>>> print(open('structure_21.cif').read())   # mmCIF, C-alpha atoms
data_final
#
loop_
_atom_site.group_PDB
_atom_site.id
_atom_site.type_symbol
_atom_site.label_atom_id
_atom_site.label_comp_id
_atom_site.auth_asym_id
_atom_site.auth_seq_id
_atom_site.Cartn_x
_atom_site.Cartn_y
_atom_site.Cartn_z
ATOM 1 C CA MET R 120 33.930 -0.799 19.751
ATOM 2 C CA ALA R 121 33.465 2.057 17.319
ATOM 3 C CA GLN R 122 36.201 2.683 14.761
ATOM 4 C CA ARG R 123 36.660 5.931 12.813
ATOM 5 C CA TYR R 124 37.948 6.075 9.233
ATOM 6 C CA SER R 125 38.691 8.991 6.928
ATOM 7 C CA GLU R 126 37.873 6.846 3.881
ATOM 8 C CA LEU R 127 36.452 3.467 2.922
ATOM 9 C CA SER R 128 38.883 0.573 3.202
ATOM 10 C CA GLN R 129 38.548 -2.514 1.013
ATOM 11 C CA GLU R 130 37.018 -4.315 4.004
ATOM 12 C CA LEU R 131 34.343 -1.616 4.393
ATOM 13 C CA ILE R 132 33.674 -1.604 0.644
ATOM 14 C CA GLN R 133 33.136 -5.369 0.724
ATOM 15 C CA PHE R 134 30.787 -4.953 3.679
ATOM 16 C CA ILE R 135 28.729 -2.386 1.729
ATOM 17 C CA TRP R 136 28.449 -4.655 -1.325
ATOM 18 C CA LYS R 137 27.035 -7.462 0.836
ATOM 19 C CA GLN R 138 24.170 -5.326 2.174
ATOM 20 C CA GLN R 139 20.788 -5.527 0.456
ATOM 21 C CA MET R 140 19.569 -2.215 1.853
ATOM 22 C CA PHE R 141 20.816 0.984 3.390
ATOM 23 C CA PHE R 142 19.315 3.973 5.177
ATOM 24 C CA VAL R 143 19.670 7.655 4.279
ATOM 25 C CA ALA R 144 19.273 10.405 6.887
ATOM 26 C CA THR R 145 19.062 14.132 6.231
ATOM 27 C CA ALA R 146 17.758 17.083 8.193
ATOM 28 C CA PRO R 147 17.012 20.731 7.562
ATOM 29 C CA ALA R 148 18.410 23.404 9.862
ATOM 30 C CA ASP R 149 14.934 23.606 11.388
ATOM 31 C CA GLY R 150 12.227 21.009 10.832
ATOM 32 C CA TYR R 151 11.730 17.288 10.486
ATOM 33 C CA VAL R 152 14.603 14.802 10.285
ATOM 34 C CA ASN R 153 14.178 12.353 7.406
ATOM 35 C CA LEU R 154 15.302 8.730 7.534
ATOM 36 C CA SER R 155 14.557 6.482 4.564
ATOM 37 C CA PRO R 156 15.338 2.838 3.762
ATOM 38 C CA LYS R 157 16.778 2.262 0.279
ATOM 39 C CA GLY R 158 17.338 -0.791 -1.919
ATOM 40 C CA LEU R 159 16.940 -1.727 -5.594
ATOM 41 C CA ASP R 160 20.694 -1.864 -6.374
ATOM 42 C CA SER R 161 20.800 1.921 -6.222
ATOM 43 C CA LEU R 162 24.191 2.627 -4.612
ATOM 44 C CA ARG R 163 27.657 2.781 -6.155
ATOM 45 C CA ILE R 164 31.089 3.463 -4.667
ATOM 46 C CA LEU R 165 33.098 5.737 -6.959
ATOM 47 C CA ASP R 166 36.223 5.894 -4.793
ATOM 48 C CA PRO R 167 37.142 5.555 -1.084
ATOM 49 C CA ASN R 168 35.614 8.965 -0.311
ATOM 50 C CA THR R 169 32.654 9.103 -2.709
ATOM 51 C CA VAL R 170 29.409 7.158 -2.957
ATOM 52 C CA VAL R 171 26.437 7.880 -5.199
ATOM 53 C CA TRP R 172 22.894 6.641 -4.952
ATOM 54 C CA LEU R 173 20.132 6.772 -7.478
ATOM 55 C CA ASN R 174 16.972 8.084 -5.876
ATOM 56 C CA VAL R 175 13.781 6.790 -7.434
ATOM 57 C CA THR R 176 10.435 8.582 -7.309
ATOM 58 C CA GLY R 177 8.608 8.253 -4.028
ATOM 59 C CA SER R 178 5.867 9.913 -2.059
ATOM 60 C CA GLY R 179 8.197 12.571 -0.683
ATOM 61 C CA ASN R 180 11.417 14.301 -1.671
ATOM 62 C CA GLU R 181 12.827 15.234 1.719
ATOM 63 C CA SER R 182 16.468 14.354 1.041
ATOM 64 C CA ALA R 183 16.593 16.699 -1.948
ATOM 65 C CA ALA R 184 15.204 19.623 0.064
ATOM 66 C CA HIS R 185 17.569 19.042 2.967
ATOM 67 C CA VAL R 186 20.645 18.612 0.788
ATOM 68 C CA LEU R 187 19.722 21.734 -1.153
ATOM 69 C CA GLU R 188 19.552 23.633 2.148
ATOM 70 C CA ASN R 189 22.677 22.374 3.917
ATOM 71 C CA GLY R 190 24.238 19.343 2.201
ATOM 72 C CA ARG R 191 24.355 17.173 5.330
ATOM 73 C CA MET R 192 23.738 13.456 4.808
ATOM 74 C CA THR R 193 24.388 10.210 6.646
ATOM 75 C CA ILE R 194 24.112 6.798 5.018
ATOM 76 C CA MET R 195 23.894 3.759 7.290
ATOM 77 C CA PHE R 196 24.388 0.064 6.554
ATOM 78 C CA CYS R 197 23.536 -2.746 9.005
ATOM 79 C CA ALA R 198 24.573 -6.385 8.836
ATOM 80 C CA PHE R 199 21.343 -8.376 9.077
ATOM 81 C CA GLU R 200 23.248 -11.649 8.573
ATOM 82 C CA GLY R 201 26.771 -12.808 9.350
ATOM 83 C CA LYS R 202 29.192 -10.856 11.520
ATOM 84 C CA PRO R 203 27.420 -7.973 13.305
ATOM 85 C CA MET R 204 28.395 -4.473 12.248
ATOM 86 C CA ILE R 205 26.910 -1.053 11.557
ATOM 87 C CA LEU R 206 28.624 1.375 9.182
ATOM 88 C CA ARG R 207 27.695 5.044 8.950
ATOM 89 C CA LEU R 208 29.013 7.374 6.244
ATOM 90 C CA TYR R 209 28.889 11.055 7.214
ATOM 91 C CA GLY R 210 29.478 13.837 4.752
ATOM 92 C CA LYS R 211 28.307 16.528 2.413
ATOM 93 C CA ALA R 212 26.023 15.626 -0.449
ATOM 94 C CA ARG R 213 24.855 17.295 -3.602
ATOM 95 C CA VAL R 214 21.971 16.526 -5.919
ATOM 96 C CA ILE R 215 22.208 15.824 -9.636
ATOM 97 C CA HIS R 216 18.960 16.161 -11.593
ATOM 98 C CA GLN R 217 18.180 14.885 -15.062
ATOM 99 C CA ARG R 218 18.557 18.444 -16.401
ATOM 100 C CA ASP R 219 22.141 18.698 -15.093
ATOM 101 C CA GLU R 220 25.176 18.244 -17.312
ATOM 102 C CA GLU R 221 26.563 15.476 -15.054
ATOM 103 C CA TRP R 222 23.393 13.361 -15.211
ATOM 104 C CA ASP R 223 24.320 11.097 -18.140
ATOM 105 C CA ALA R 224 27.801 10.307 -16.816
ATOM 106 C CA MET R 225 26.508 9.557 -13.310
ATOM 107 C CA PHE R 226 23.420 7.668 -14.487
ATOM 108 C CA ALA R 227 25.704 5.403 -16.560
ATOM 109 C CA HIS R 228 26.926 3.864 -13.275
ATOM 110 C CA PHE R 229 23.484 2.298 -12.775
ATOM 111 C CA ASP R 230 21.364 -0.185 -14.637
ATOM 112 C CA GLY R 231 18.362 1.742 -15.920
ATOM 113 C CA LEU R 232 15.885 2.004 -13.076
ATOM 114 C CA ALA R 233 12.355 3.168 -13.831
ATOM 115 C CA GLY R 234 11.374 6.230 -11.851
ATOM 116 C CA ALA R 235 14.900 7.639 -11.493
ATOM 117 C CA ARG R 236 14.461 11.089 -9.991
ATOM 118 C CA GLN R 237 17.849 12.315 -8.717
ATOM 119 C CA ILE R 238 21.346 11.102 -8.056
ATOM 120 C CA PHE R 239 22.958 12.053 -4.772
ATOM 121 C CA VAL R 240 26.731 12.301 -4.546
ATOM 122 C CA LEU R 241 28.061 11.953 -0.996
ATOM 123 C CA ASP R 242 31.587 13.149 -0.262
ATOM 124 C CA ILE R 243 32.521 11.095 2.781
ATOM 125 C CA GLU R 244 34.084 13.070 5.618
ATOM 126 C CA LEU R 245 33.890 10.282 8.202
ATOM 127 C CA ALA R 246 33.135 6.563 8.143
ATOM 128 C CA LEU R 247 32.238 5.081 11.513
ATOM 129 C CA THR R 248 31.707 1.431 12.406
ATOM 130 C CA SER R 249 30.016 0.151 15.539
ATOM 131 C CA CYS R 250 29.335 -3.333 16.860
ATOM 132 C CA GLY R 251 25.826 -3.974 15.539
ATOM 133 C CA MET R 252 25.218 -6.691 18.115
ATOM 134 C CA GLY R 253 21.751 -5.279 18.822
ATOM 135 C CA VAL R 254 20.686 -5.553 15.158
ATOM 136 C CA PRO R 255 18.488 -8.646 14.621
ATOM 137 C CA LEU R 256 19.234 -11.356 12.078
ATOM 138 C CA PHE R 257 16.996 -11.477 9.000
ATOM 139 C CA ASP R 258 16.775 -13.692 5.926
ATOM 140 C CA TYR R 259 16.846 -11.844 2.611
ATOM 141 C CA HIS R 260 14.113 -12.890 0.166
ATOM 142 C CA GLY R 261 14.605 -10.361 -2.637
ATOM 143 C CA GLN R 262 13.837 -6.803 -3.684
ATOM 144 C CA ARG R 263 10.248 -5.618 -3.971
ATOM 145 C CA GLN R 264 9.335 -4.647 -7.524
ATOM 146 C CA GLN R 265 6.137 -2.651 -6.928
ATOM 147 C CA LEU R 266 7.843 0.766 -7.050
ATOM 148 C CA VAL R 267 9.630 -0.033 -10.313
ATOM 149 C CA GLU R 268 6.425 -1.434 -11.842
ATOM 150 C CA TRP R 269 4.477 1.650 -10.709
ATOM 151 C CA ALA R 270 7.069 3.965 -12.319
ATOM 152 C CA GLU R 271 7.099 1.955 -15.558
ATOM 153 C CA LYS R 272 3.313 2.163 -15.744
ATOM 154 C CA LYS R 273 3.341 5.945 -15.112
ATOM 155 C CA GLY R 274 5.924 6.582 -17.845
ATOM 156 C CA PRO R 275 8.004 9.776 -18.142
ATOM 157 C CA ASP R 276 5.030 12.143 -18.511
ATOM 158 C CA GLY R 277 3.161 10.555 -15.613
ATOM 159 C CA LEU R 278 6.227 10.742 -13.391
ATOM 160 C CA GLU R 279 6.757 14.410 -14.180
ATOM 161 C CA GLU R 280 3.108 15.133 -13.350
ATOM 162 C CA TYR R 281 3.559 13.224 -10.074
ATOM 163 C CA TRP R 282 6.692 15.252 -9.261
ATOM 164 C CA GLU R 283 4.700 18.433 -9.873
ATOM 165 C CA ARG R 284 1.989 17.323 -7.419
ATOM 166 C CA LYS R 285 4.037 15.541 -4.746
ATOM 167 C CA ASN R 286 7.778 16.273 -4.953
ATOM 168 C CA GLN R 287 8.324 20.050 -5.190
ATOM 169 C CA VAL R 288 8.432 20.826 -1.457
ATOM 170 C CA SER R 289 9.380 18.941 1.694
ATOM 171 C CA LEU R 290 7.128 18.294 4.677
ATOM 172 C CA ASP R 291 8.439 21.589 6.049
ATOM 173 C CA GLY R 292 7.589 23.459 2.824
ATOM 174 C CA LYS R 293 11.221 23.710 1.720
ATOM 175 C CA PRO R 294 11.928 23.584 -2.049
ATOM 176 C CA THR R 295 13.380 20.367 -3.454
ATOM 177 C CA GLY R 296 14.793 21.814 -6.686
ATOM 178 C CA ILE R 297 13.172 19.077 -8.751
ATOM 179 C CA PHE R 298 12.329 21.477 -11.580
ATOM 180 C CA SER R 299 14.833 24.294 -11.080
ATOM 181 C CA ASP R 300 17.846 25.288 -9.046
ATOM 182 C CA ASP R 301 16.001 28.294 -7.570
#
>>> encode(input="structure_21.cif", output="C-alpha cells")
Amino acid sequence: MAQRYSELSQELIQFIWKQQMFFVATAPADGYVNLSPKGLDSLRILDPNTVVWLNVTGSGNESAAHVLENGRMTIMFCAFEGKPMILRLYGKARVIHQRDEEWDAMFAHFDGLAGARQIFVLDIELALTSCGMGVPLFDYHGQRQQLVEWAEKKGPDGLEEYWERKNQVSLDGKPTGIFSDD
C-alpha cells in the first residue's frame, strides 16, 4: 500500500542509506523523458526535505537540460534485498556547477569523485513509498570503477573538452548550462 510523506522520516533515511543505487528521472516540457541509474556513493541527505547528488561525467547531460528548463525531478530507490519497498522522491531541483559560488560547500559533502560535473539539489515536495513486491532480489557485488578510472585518465582538461563535445545540449537540443547560465 502506498504511503505519502511530506518529508523523509528516519525510517526512510535508513532505507536510502542501505541502497547501493538509485534512479533519477527528469523530463522536458516537450521531448524525451530521461531515466538514469546512479551509484558511486554520490547521494547525500542534507535534511528531511533536501537531498543532493553528485553527477559525474557521462555520455549525456539530460538531467541538467531538463532541470534548467523546468526543475522537475524524481529520484527512485528500490530494495533489491531484504524487505520489499520502493521509495520515490518528487520535487524541484536545481543545478550547481563548478563555477557557482555554492560548489565548494556542496562538494565538501562528498569524497572527491573523479569526473564530477554537477551537483543537483532536490527540494522534496513529496516522498511516496510503494510495496516493491515485484522488484527482483539481487546480490550486490560492488561498484564498477570504469567511469571513475576513465575520468581520472582524462584529467580536468580532457573532461572539459569532452563536455564541449558531448554535454552542451540534450538529445532534444536543449542547453545544459554546463559552461554558462545562458
>>> residues_around(input="structure_21.cif", residues="Val254 in chain R", least_positions_apart="2", cutoff="9 Å", atoms="only C-alpha atoms", output="list in words")
Cys197, Ala198, Phe199, Pro203, Met204, Ile205, Gly251, Met252 and Leu256 of chain R
>>> residues_around(input="structure_21.cif", residues="Met195 in chain R", least_positions_apart="6", cutoff="8 Å", atoms="only C-alpha atoms", output="list in words")
Phe141, Phe142, Val143, Ile205, Leu206, Arg207 and Leu208 of chain R
>>> atom_distance(input="structure_21.cif", atom1="CA of Phe229 in chain R", atom2="CA of Arg163 in chain R")
7.8 Å
>>> residues_around(input="structure_21.cif", residues="range 168-185 of chain R", least_positions_apart="3", cutoff="7 Å", atoms="only C-alpha atoms", output="PyMOL selection string")
chain R and resi 126-127+145-147+153+161-165+188-190+214+234-243+285-286+289+293-295
>>> write_last_selection(input="structure_21.cif", atoms="C-alpha atoms", output="short mmCIF file (atom, residue, chain, number, x, y, z; two decimals), keeping the file's coordinate frame")
data_model
loop_
_atom_site.label_atom_id
_atom_site.label_comp_id
_atom_site.auth_asym_id
_atom_site.auth_seq_id
_atom_site.Cartn_x
_atom_site.Cartn_y
_atom_site.Cartn_z
CA GLU R 126 37.87 6.85 3.88
CA LEU R 127 36.45 3.47 2.92
CA THR R 145 19.06 14.13 6.23
CA ALA R 146 17.76 17.08 8.19
CA PRO R 147 17.01 20.73 7.56
CA ASN R 153 14.18 12.35 7.41
CA SER R 161 20.80 1.92 -6.22
CA LEU R 162 24.19 2.63 -4.61
CA ARG R 163 27.66 2.78 -6.16
CA ILE R 164 31.09 3.46 -4.67
CA LEU R 165 33.10 5.74 -6.96
CA GLU R 188 19.55 23.63 2.15
CA ASN R 189 22.68 22.37 3.92
CA GLY R 190 24.24 19.34 2.20
CA VAL R 214 21.97 16.53 -5.92
CA GLY R 234 11.37 6.23 -11.85
CA ALA R 235 14.90 7.64 -11.49
CA ARG R 236 14.46 11.09 -9.99
CA GLN R 237 17.85 12.32 -8.72
CA ILE R 238 21.35 11.10 -8.06
CA PHE R 239 22.96 12.05 -4.77
CA VAL R 240 26.73 12.30 -4.55
CA LEU R 241 28.06 11.95 -1.00
CA ASP R 242 31.59 13.15 -0.26
CA ILE R 243 32.52 11.10 2.78
CA LYS R 285 4.04 15.54 -4.75
CA ASN R 286 7.78 16.27 -4.95
CA SER R 289 9.38 18.94 1.69
CA LYS R 293 11.22 23.71 1.72
CA PRO R 294 11.93 23.58 -2.05
CA THR R 295 13.38 20.37 -3.45
#
>>> closest_residue(input="structure_21.cif", among="R:Phe196, R:Asp223, R:Ile297, R:Lys211", to="Glu244 in chain R", atoms="all atoms listed in the file")
R:Lys211
>>> resolve_selection(input="structure_21.cif", expression="the PyMOL selection byres ((chain R and resi 247) around 8)", output="PDB file with C-alpha atoms, in the coordinates of the input")
ATOM      1  CA  ALA R 121      33.465   2.057  17.319  1.00  0.00           C
ATOM      2  CA  GLN R 122      36.201   2.683  14.761  1.00  0.00           C
ATOM      3  CA  ARG R 123      36.660   5.931  12.813  1.00  0.00           C
ATOM      4  CA  TYR R 124      37.948   6.075   9.233  1.00  0.00           C
ATOM      5  CA  LEU R 206      28.624   1.375   9.182  1.00  0.00           C
ATOM      6  CA  ARG R 207      27.695   5.044   8.950  1.00  0.00           C
ATOM      7  CA  LEU R 208      29.013   7.374   6.244  1.00  0.00           C
ATOM      8  CA  LEU R 245      33.890  10.282   8.202  1.00  0.00           C
ATOM      9  CA  ALA R 246      33.135   6.563   8.143  1.00  0.00           C
ATOM     10  CA  THR R 248      31.707   1.431  12.406  1.00  0.00           C
ATOM     11  CA  SER R 249      30.016   0.151  15.539  1.00  0.00           C
TER      12      SER R 249
END
>>> residues_around(input="structure_21.cif", residues="range 261-271 of chain R", least_positions_apart="3", cutoff="7 Å", atoms="all atoms listed in the file", output="list in words")
Leu159, Ala233, Gly234, Gly274 and Leu278 of chain R
>>> closest_residue(input="structure_21.cif", among="R:Lys273, R:Leu154, R:Asp160, R:Gly296", to="His228 in chain R", atoms="all atoms listed in the file")
R:Asp160
>>> build_atoms(input="structure_21.cif", residues="range 241-257 of chain R", atoms="N, CA and C atoms", output="CSV table (one decimal), in the coordinates of the input")
chain,number,residue,atom,x,y,z
R,241,LEU,N,27.6,11.7,-2.4
R,241,LEU,CA,28.1,12.0,-1.0
R,241,LEU,C,29.6,11.9,-0.9
R,242,ASP,N,30.2,13.1,-0.5
R,242,ASP,CA,31.6,13.1,-0.3
R,242,ASP,C,31.8,12.8,1.2
R,243,ILE,N,32.4,11.6,1.4
R,243,ILE,CA,32.5,11.1,2.8
R,243,ILE,C,33.6,11.9,3.6
R,244,GLU,N,33.2,12.4,4.7
R,244,GLU,CA,34.1,13.1,5.6
R,244,GLU,C,34.5,12.1,6.7
R,245,LEU,N,33.6,11.2,7.1
R,245,LEU,CA,33.9,10.3,8.2
R,245,LEU,C,33.1,9.0,8.0
R,246,ALA,N,33.8,7.9,8.1
R,246,ALA,CA,33.1,6.6,8.1
R,246,ALA,C,33.3,6.0,9.6
R,247,LEU,N,32.2,5.5,10.1
R,247,LEU,CA,32.2,5.1,11.5
R,247,LEU,C,31.6,3.7,11.6
R,248,THR,N,32.3,2.7,12.2
R,248,THR,CA,31.7,1.4,12.4
R,248,THR,C,31.4,1.3,13.9
R,249,SER,N,30.3,0.5,14.2
R,249,SER,CA,30.0,0.2,15.5
R,249,SER,C,29.6,-1.3,15.5
R,250,CYS,N,29.4,-1.9,16.7
R,250,CYS,CA,29.3,-3.3,16.9
R,250,CYS,C,28.2,-4.0,16.1
R,251,GLY,N,27.0,-3.4,16.2
R,251,GLY,CA,25.8,-4.0,15.5
R,251,GLY,C,25.3,-5.2,16.2
R,252,MET,N,25.7,-5.5,17.4
R,252,MET,CA,25.2,-6.7,18.1
R,252,MET,C,23.8,-6.6,18.5
R,253,GLY,N,23.2,-5.4,18.5
R,253,GLY,CA,21.8,-5.3,18.8
R,253,GLY,C,20.9,-5.4,17.6
R,254,VAL,N,21.5,-5.5,16.4
R,254,VAL,CA,20.7,-5.6,15.2
R,254,VAL,C,20.2,-7.0,15.0
R,255,PRO,N,19.0,-7.3,14.8
R,255,PRO,CA,18.5,-8.6,14.6
R,255,PRO,C,19.0,-9.3,13.3
R,256,LEU,N,18.9,-10.6,13.3
R,256,LEU,CA,19.2,-11.4,12.1
R,256,LEU,C,18.0,-11.5,11.2
R,257,PHE,N,18.1,-11.3,9.9
R,257,PHE,CA,17.0,-11.5,9.0
R,257,PHE,C,17.4,-12.3,7.8
